[in-house]
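Engineer: The structure is given below, and queries will be raised subsequently.
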Amino acid sequence: MVEMISDGVHLAPETVRDVYELLGRENIVFVTDAMAAAGMRDGDYVLGSLAVTVSDGVARLTQGGSLAGGTSHLSDQLKVAVAAGIPLVDAVYMCAT
C-alpha cells in the first residue's frame with residue numbers, strides 16, 4: 001500500500017497520476033498531514049514550538065523554508081487527482097480506503 005499526499009505541493013499532480021497508472025487504485029491511499037492551518041487563510045501560525053508561514057496555501061517553516069505540513073483536506077486532494085486525469089470513482093476510492 002502506497003500512501004500519497006495528493007495536494008499538488010508534496011507531490012506534483014503528474015506524479016500522482018503516474019503512480020496511479022503504475023499501481024492502480026487498490027494499492028494507493030490518499031492521506032493528509034494537515035496542520036492547524038488546514039483550510040485557513042494565508043498568514044502566520046505555530047506548529048508546536050515552530051513558527052510557520054502559510055503563503056498561497058503552502059505551509060513552510062518561517063526559519064529555513066521547509067514544508068511544515070499540509071493545508072489541504074482530502075476533498076482538495078480529490079480535486080487535484082481528478083484534474084490530473086484520475087477517474088472520479090478511482091480518486092474517491094483512494095480517499096476512502
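Naming works like this for the C-alpha cells: A, B, ... for the chains as they're shown, residue 1 at the start of each chain, ligands 1 onward in shown order.
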Can you list, as a list in words, every protein, DNA or RNA residue that comes within 9 Å of region 43-60 of chain A when you count only C-alpha atoms, leaving out same-chain residues fewer than 6 positions away?
Structural biologist: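 Surrounding residues, per the criterion: Val9, Met35, Ala36, Ala37, Ser66, Leu67, Ala68, Gly69, Gly70, Thr71 and Ser72 of chain A.
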Engineer: Restricting the calculation to only C-alpha atoms, which member of A:Met1, A:Gln77, A:Gly64, A:Glu14 is positioned closest to Ala34 (chain A)?
Structural biologist: A:Gln77
Engineer: Excluding region 16-19 of chain A and residues on its chain fewer than 6 positions from it, collect all residues at most 8 Å away from it, counting only C-alpha atoms, and give them as JSON, numbers by chain.
Structural biologist: {"A": [4, 6, 81, 84, 85, 86]}
Engineer: Excluding region 90-92 of chain A and its own-chain neighbours fewer than 2 positions away, which residues fall within 10 Å of it when counting only C-alpha atoms? Please give them as a compact mmCIF listing (two decimals) with C-alpha atoms, in the first residue's frame.
Structural biologist:
```txt
# COMPACT_ATOMS: atom_id res chain seq x y z
CA TYR A 20 -1.87 5.66 -10.09
CA GLY A 24 -3.80 1.10 -9.63
CA ARG A 25 -6.34 2.33 -7.12
CA GLU A 26 -6.26 -0.81 -4.95
CA ILE A 28 -2.90 3.63 -3.15
CA VAL A 29 -4.47 5.59 -0.34
CA PHE A 30 -4.56 9.36 -0.16
CA LEU A 74 -8.91 15.13 1.46
CA SER A 75 -11.59 16.83 -0.63
CA GLN A 77 -6.71 16.18 -2.84
CA LEU A 78 -9.63 14.56 -4.63
CA LYS A 79 -9.93 17.62 -6.88
CA VAL A 80 -6.19 17.60 -7.65
CA ALA A 81 -6.29 13.91 -8.56
CA VAL A 82 -9.30 14.30 -10.86
CA GLY A 85 -6.74 12.76 -15.11
CA ILE A 86 -7.62 10.14 -12.50
CA PRO A 87 -11.25 8.98 -12.87
CA LEU A 88 -13.50 10.35 -10.13
CA MET A 94 -8.26 6.18 -2.84
CA CYS A 95 -9.63 8.79 -0.43
CA ALA A 96 -11.96 6.32 1.27
CA THR A 97 -9.70 3.32 1.86
```
Engineer: Please identify the strand (DSSP E or B) residues within chain A (assignment by DSSP from backbone atoms) and present them as a list in words.
Structural biologist: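 Strand (DSSP E or B) assignments inside chain A correspond to Val2, Glu3, Met4, Ile28, Val29, Phe30, Ala34, Gly43, Asp44, Tyr45, Val46, Leu47, Leu50, Ala51, Val52, Thr53, Val54, Ser55, Val58, Ala59, Arg60, Leu61, Leu67 and Gly70 of chain A.
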Engineer: Measuring between only C-alpha atoms, which one of A:Ala12, A:His73, A:Val89, A:Ala83 shows the shortest distance to Ala38 (chain A)?
Structural biologist: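 Ranked by minimum distance to Ala38 (chain A), first place goes to A:His73.
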Engineer: Find the distance between CA of Ile5 (chain A) and CA of Asp33 (chain A) and write it in Å to one decimal.
Structural biologist: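 Distance between the two atoms: 7.7 Å.
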Engineer: Just checking: using only C-alpha atoms, which residue out of A:Val31, A:Leu22, A:Asp76, A:Leu61 ends up closest to Gly8 (chain A)?
Structural biologist: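 Of all the options, A:Asp76 lies closest to Gly8 (chain A).
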Engineer: Can you check which residues of chain A DSSP gives as alpha helix (DSSP H) on the backbone and send them as an MDAnalysis selection string?
Structural biologist: chainID A and resid 13:23 74:83 88:96
